Amino acid sequence: MTKHGAVVVPEDAVVAAAAVGRHFSFPPPRTGGVGGDSCKKLAAQQIDLGAAVVGSWLDSMKASSPRHRLVAPAVAAAAADAEHDEWMWWQEKHPSALGKFEALAAAAKGKRIVVFLDYDGTLSPIVEDPDRAVMTDEMRDAVRGVAARFPTAIVSGRCRDKVLSFVGLEELYYAGSHGMDIQGPTNAAASKGGEEEEESVLCQPAREFLPMIGEAYAALVEKVEGVIPGAKVENNKFCLSVHFRRVDERRWGAVADQVRAVLRGYPRLRLTQGRKVLEVRPAIKWDKGEALRFLLSALGFSAAGDGEDDGDDDDAFPIYIGDDRTDEDAFRVLRARGHGAGILVSRFPKDTCASFSLRDPGEVKDFLRKLVTCAAA
């Protein structure tokens with residue numbers, strides 16, 4: 001009989017884990033306890049707003065766009081060769097999580113796997129209309145299978161209720177608004193609201209910002225969505241997303257200028273960048289990495305974050321899969337822990353703190369299925 005949450009791997013795969021070991025060489029630190037007070041304490045520190053406005057927002061927005069070139073065939077061929085070489089070099093540093101699955105599983109042997117998943121670009125493809133970012137039934141089955149064997153959380157910039165409606169699995173943990181709205185597994189009654197839902201909420205460190213976010217949302221709808229064709233402002237409850245995927249590239253600079261103009265009236269909100277989206281968030285020390293630490297503590301594991309060595313006390317092996325810049329906060333937490341696996345979903349080389357990579361949601365689905373198969377062996 002297989003212990004719930006354990007992964008069974010061939011004995012010879014333990015040798016292969018030596019290649020993975022270099023990714024988990026940091027001493028794992030420790031953090032404090034869990035609960036409402038811990039949640040508020042972690043979020044209490046204000047961050048420096050200066051970094052949010054340094055450099056060119058337009059250049060940053062262009063960097064989030066898929067590569068596209070109109071060049072002569074000979075130039076295109078040379079560029080393709082250079083990109084192939086760059087990809088192969090990047091893959092050596094961040095190998096495929098599918099190709100290195102046996103080694104990764106060996107590194108997790110004897111520990112309890114905990115799975116964290118981003119949504120957009122990870123479980124569903126990036127689409128023009130964010131309201132149509134639905135996951136396939138096959139992906140849902142893969143996630144359901146993982147959740148039946150391992151504690152599983154969705155960590156998304158989306159509103160928690162919206163990502164729950166997309167995923168449709170109430171047995172998961174959900175961390176919406178970049179981890180600022182965390183809720184544990186619910187039953188059918190709790191998902192409809194009422195006292196059960198209120199009691200199931202684990203952490204909302206930015207509740208005091210709700211009126212301010214509502215005001216900023218109305219202003220952005222008026223000044224951005226109502227003025228620039230293709231722009232869409234999404235209210236994710238504890239943060240706002242300004243999508244410019246459908247905006248003419250010549251107007252991207254105008255989008256950034258208008259958003260920053262609105263935020264001058266809200267100095268306690270900060271601006272960050274995602275994949276063809278500008279994110280407006282409360283200026284508190286909270287992100288997907290903090291959400292990962294909080295959830296690990298809520299599950300009874302060490303939060304591992306303040307530099308103290310846990311020794312053998314922490315038997316968790318977190319696996320975090322995401323595709324966006326905001327997921328880097330979680331990847332950094334895993335690096336600091338000294339064990340666990342960050343997996344970046346990307347078709348292009350990127351600077352990342354992740355140890356492994358997958359190319360697209362299709363490979364994510366295959367990886368999740370392999371986890372299920374391995375656990376059932």
# chains A, B, ... in the order shown; residues from 1 in each chain; ligands from 1
>>> select_by_dssp(residues="segment 87-145 of chain A", states="strand (DSSP E)", output="ChimeraX atom specification")
/A:112-117
>>> residues_around(residues="Pro185 of chain A", least_positions_apart="4", cutoff="7 Å", atoms="only C-alpha atoms", output="PyMOL selection string")
chain A and resi 170-173
>>> closest_atom_pairs(of="segment 121-158 of chain A", to="segment 268-286 of chain A", cutoff="10 Å", atoms="only C-alpha atoms", output="CSV")
residue,atom,partner,partner_atom,distance
A:Gly121,CA,A:Arg275,CA,9.3
A:Ile126,CA,A:Arg275,CA,8.9
A:Glu128,CA,A:Lys276,CA,10.0
A:Gly157,CA,A:Glu279,CA,8.6
>>> write_last_selection(atoms="N, CA and C atoms", output="PDB file, in the first residue's frame")
ATOM      1  N   GLY A 121      -1.889  30.303 -18.351  1.00  0.00           N
ATOM      2  CA  GLY A 121      -0.603  29.953 -18.945  1.00  0.00           C
ATOM      3  C   GLY A 121      -0.006  28.684 -18.386  1.00  0.00           C
ATOM      4  N   ILE A 126      -2.844  30.971 -22.549  1.00  0.00           N
ATOM      5  CA  ILE A 126      -3.077  32.415 -22.564  1.00  0.00           C
ATOM      6  C   ILE A 126      -3.952  32.740 -23.773  1.00  0.00           C
ATOM      7  N   GLU A 128      -6.776  35.727 -25.801  1.00  0.00           N
ATOM      8  CA  GLU A 128      -6.999  37.154 -25.988  1.00  0.00           C
ATOM      9  C   GLU A 128      -7.967  37.712 -24.951  1.00  0.00           C
ATOM     10  N   GLY A 157      -3.264  35.186  -9.823  1.00  0.00           N
ATOM     11  CA  GLY A 157      -3.553  36.605  -9.693  1.00  0.00           C
ATOM     12  C   GLY A 157      -5.034  36.897  -9.832  1.00  0.00           C
TER      13      GLY A 157
END
>>> closest_residue(among="A:Phe238, A:Phe301, A:Trp252, A:Tyr119", to="Ile321 of chain A", atoms="only C-alpha atoms")
A:Tyr119
>>> residues_around(residues="Val114 of chain A", least_positions_apart="4", cutoff="7 Å", atoms="only C-alpha atoms", output="list in words")
Phe150, Pro151, Thr152, Ala316, Phe317, Pro318 and Ile319 of chain A
>>> closest_residue(among="A:Lys232, A:His94, A:Arg132, A:Lys365", to="Thr352 of chain A", atoms="only C-alpha atoms")
A:His94
>>> select_by_dssp(residues="segment 102-187 of chain A", states="helix (DSSP H, G or I)", output="short mmCIF file (atom, residue, chain, number, x, y, z; two decimals) with N, CA and C atoms, in the first residue's frame")
data_model
loop_
_atom_site.label_atom_id
_atom_site.label_comp_id
_atom_site.auth_asym_id
_atom_site.auth_seq_id
_atom_site.Cartn_x
_atom_site.Cartn_y
_atom_site.Cartn_z
N GLU A 102 12.37 11.26 -13.18
CA GLU A 102 12.86 10.24 -12.26
C GLU A 102 13.80 10.85 -11.21
N ALA A 103 14.65 11.75 -11.65
CA ALA A 103 15.57 12.40 -10.72
C ALA A 103 14.82 13.30 -9.75
N LEU A 104 13.82 14.01 -10.27
CA LEU A 104 13.04 14.88 -9.41
C LEU A 104 12.28 14.05 -8.37
N ALA A 105 11.69 12.95 -8.82
CA ALA A 105 10.94 12.09 -7.90
C ALA A 105 11.86 11.48 -6.85
N ALA A 106 13.08 11.14 -7.25
CA ALA A 106 14.03 10.59 -6.29
C ALA A 106 14.39 11.62 -5.22
N ALA A 107 14.51 12.89 -5.64
CA ALA A 107 14.80 13.95 -4.67
C ALA A 107 13.65 14.11 -3.67
N PRO A 130 -9.46 37.33 -21.35
CA PRO A 130 -9.19 36.63 -20.09
C PRO A 130 -10.42 35.90 -19.52
N ASP A 131 -11.62 36.32 -19.93
CA ASP A 131 -12.83 35.65 -19.45
C ASP A 131 -13.05 34.30 -20.13
N ARG A 132 -12.26 34.01 -21.16
CA ARG A 132 -12.40 32.75 -21.89
C ARG A 132 -11.22 31.80 -21.64
N ASP A 137 -11.19 19.55 -20.02
CA ASP A 137 -11.63 18.48 -19.11
C ASP A 137 -10.48 17.55 -18.77
N GLU A 138 -9.58 17.33 -19.75
CA GLU A 138 -8.42 16.46 -19.49
C GLU A 138 -7.51 17.06 -18.43
N MET A 139 -7.30 18.38 -18.49
CA MET A 139 -6.48 19.04 -17.47
C MET A 139 -7.17 18.97 -16.11
N ARG A 140 -8.47 19.17 -16.10
CA ARG A 140 -9.21 19.11 -14.83
C ARG A 140 -9.08 17.71 -14.21
N ASP A 141 -9.17 16.68 -15.02
CA ASP A 141 -9.01 15.32 -14.51
C ASP A 141 -7.61 15.11 -13.95
N ALA A 142 -6.61 15.69 -14.62
CA ALA A 142 -5.23 15.54 -14.13
C ALA A 142 -5.06 16.23 -12.78
N VAL A 143 -5.62 17.43 -12.64
CA VAL A 143 -5.53 18.15 -11.37
C VAL A 143 -6.30 17.40 -10.29
N ARG A 144 -7.47 16.88 -10.65
CA ARG A 144 -8.27 16.11 -9.68
C ARG A 144 -7.48 14.90 -9.18
N GLY A 145 -6.79 14.22 -10.08
CA GLY A 145 -5.99 13.07 -9.70
C GLY A 145 -4.86 13.43 -8.75
N VAL A 146 -4.20 14.57 -9.02
CA VAL A 146 -3.12 15.02 -8.14
C VAL A 146 -3.67 15.37 -6.76
N ALA A 147 -4.81 16.08 -6.73
CA ALA A 147 -5.39 16.51 -5.46
C ALA A 147 -5.85 15.34 -4.61
N ARG A 160 -10.28 34.94 -6.41
CA ARG A 160 -10.41 33.55 -5.96
C ARG A 160 -11.69 32.90 -6.48
N ASP A 161 -12.80 33.62 -6.41
CA ASP A 161 -14.07 33.05 -6.86
C ASP A 161 -14.03 32.73 -8.36
N LYS A 162 -13.37 33.58 -9.13
CA LYS A 162 -13.32 33.36 -10.58
C LYS A 162 -12.47 32.14 -10.92
N VAL A 163 -11.30 32.02 -10.28
CA VAL A 163 -10.45 30.88 -10.60
C VAL A 163 -11.09 29.58 -10.10
N LEU A 164 -11.83 29.65 -9.00
CA LEU A 164 -12.56 28.47 -8.54
C LEU A 164 -13.61 28.07 -9.56
N SER A 165 -14.30 29.05 -10.16
CA SER A 165 -15.31 28.74 -11.17
C SER A 165 -14.66 28.13 -12.42
N PHE A 166 -13.45 28.57 -12.76
CA PHE A 166 -12.74 28.00 -13.90
C PHE A 166 -12.32 26.56 -13.63
N VAL A 167 -11.74 26.33 -12.45
CA VAL A 167 -11.19 25.01 -12.14
C VAL A 167 -12.31 24.03 -11.77
N SER A 177 -5.90 36.58 -6.03
CA SER A 177 -5.32 37.92 -5.87
C SER A 177 -3.84 37.86 -5.49
N HIS A 178 -3.09 37.01 -6.18
CA HIS A 178 -1.66 36.83 -5.91
C HIS A 178 -1.40 36.38 -4.48
N GLY A 179 -2.31 35.56 -3.97
CA GLY A 179 -2.12 34.99 -2.63
C GLY A 179 -2.72 35.82 -1.52
#
>>> closest_residue(among="A:Lys100, A:Arg347, A:Lys93, A:Arg293", to="Lys370 of chain A", atoms="only C-alpha atoms")
A:Lys100
>>> closest_residue(among="A:Asp287, A:Leu295, A:Pro267, A:Ala375", to="Leu202 of chain A", atoms="only C-alpha atoms")
A:Leu295
>>> closest_residue(among="A:Phe348, A:Gly289, A:Arg245, A:Arg260", to="Ala336 of chain A", atoms="only C-alpha atoms")
A:Gly289
>>> atom_distance(atom1="atom CA of Leu296 of chain A", atom2="atom CA of Asp314 of chain A")
10.1 Å
>>> closest_residue(among="A:Val262, A:Ile228, A:Ile343, A:Ile182", to="Phe101 of chain A", atoms="only C-alpha atoms")
A:Ile343
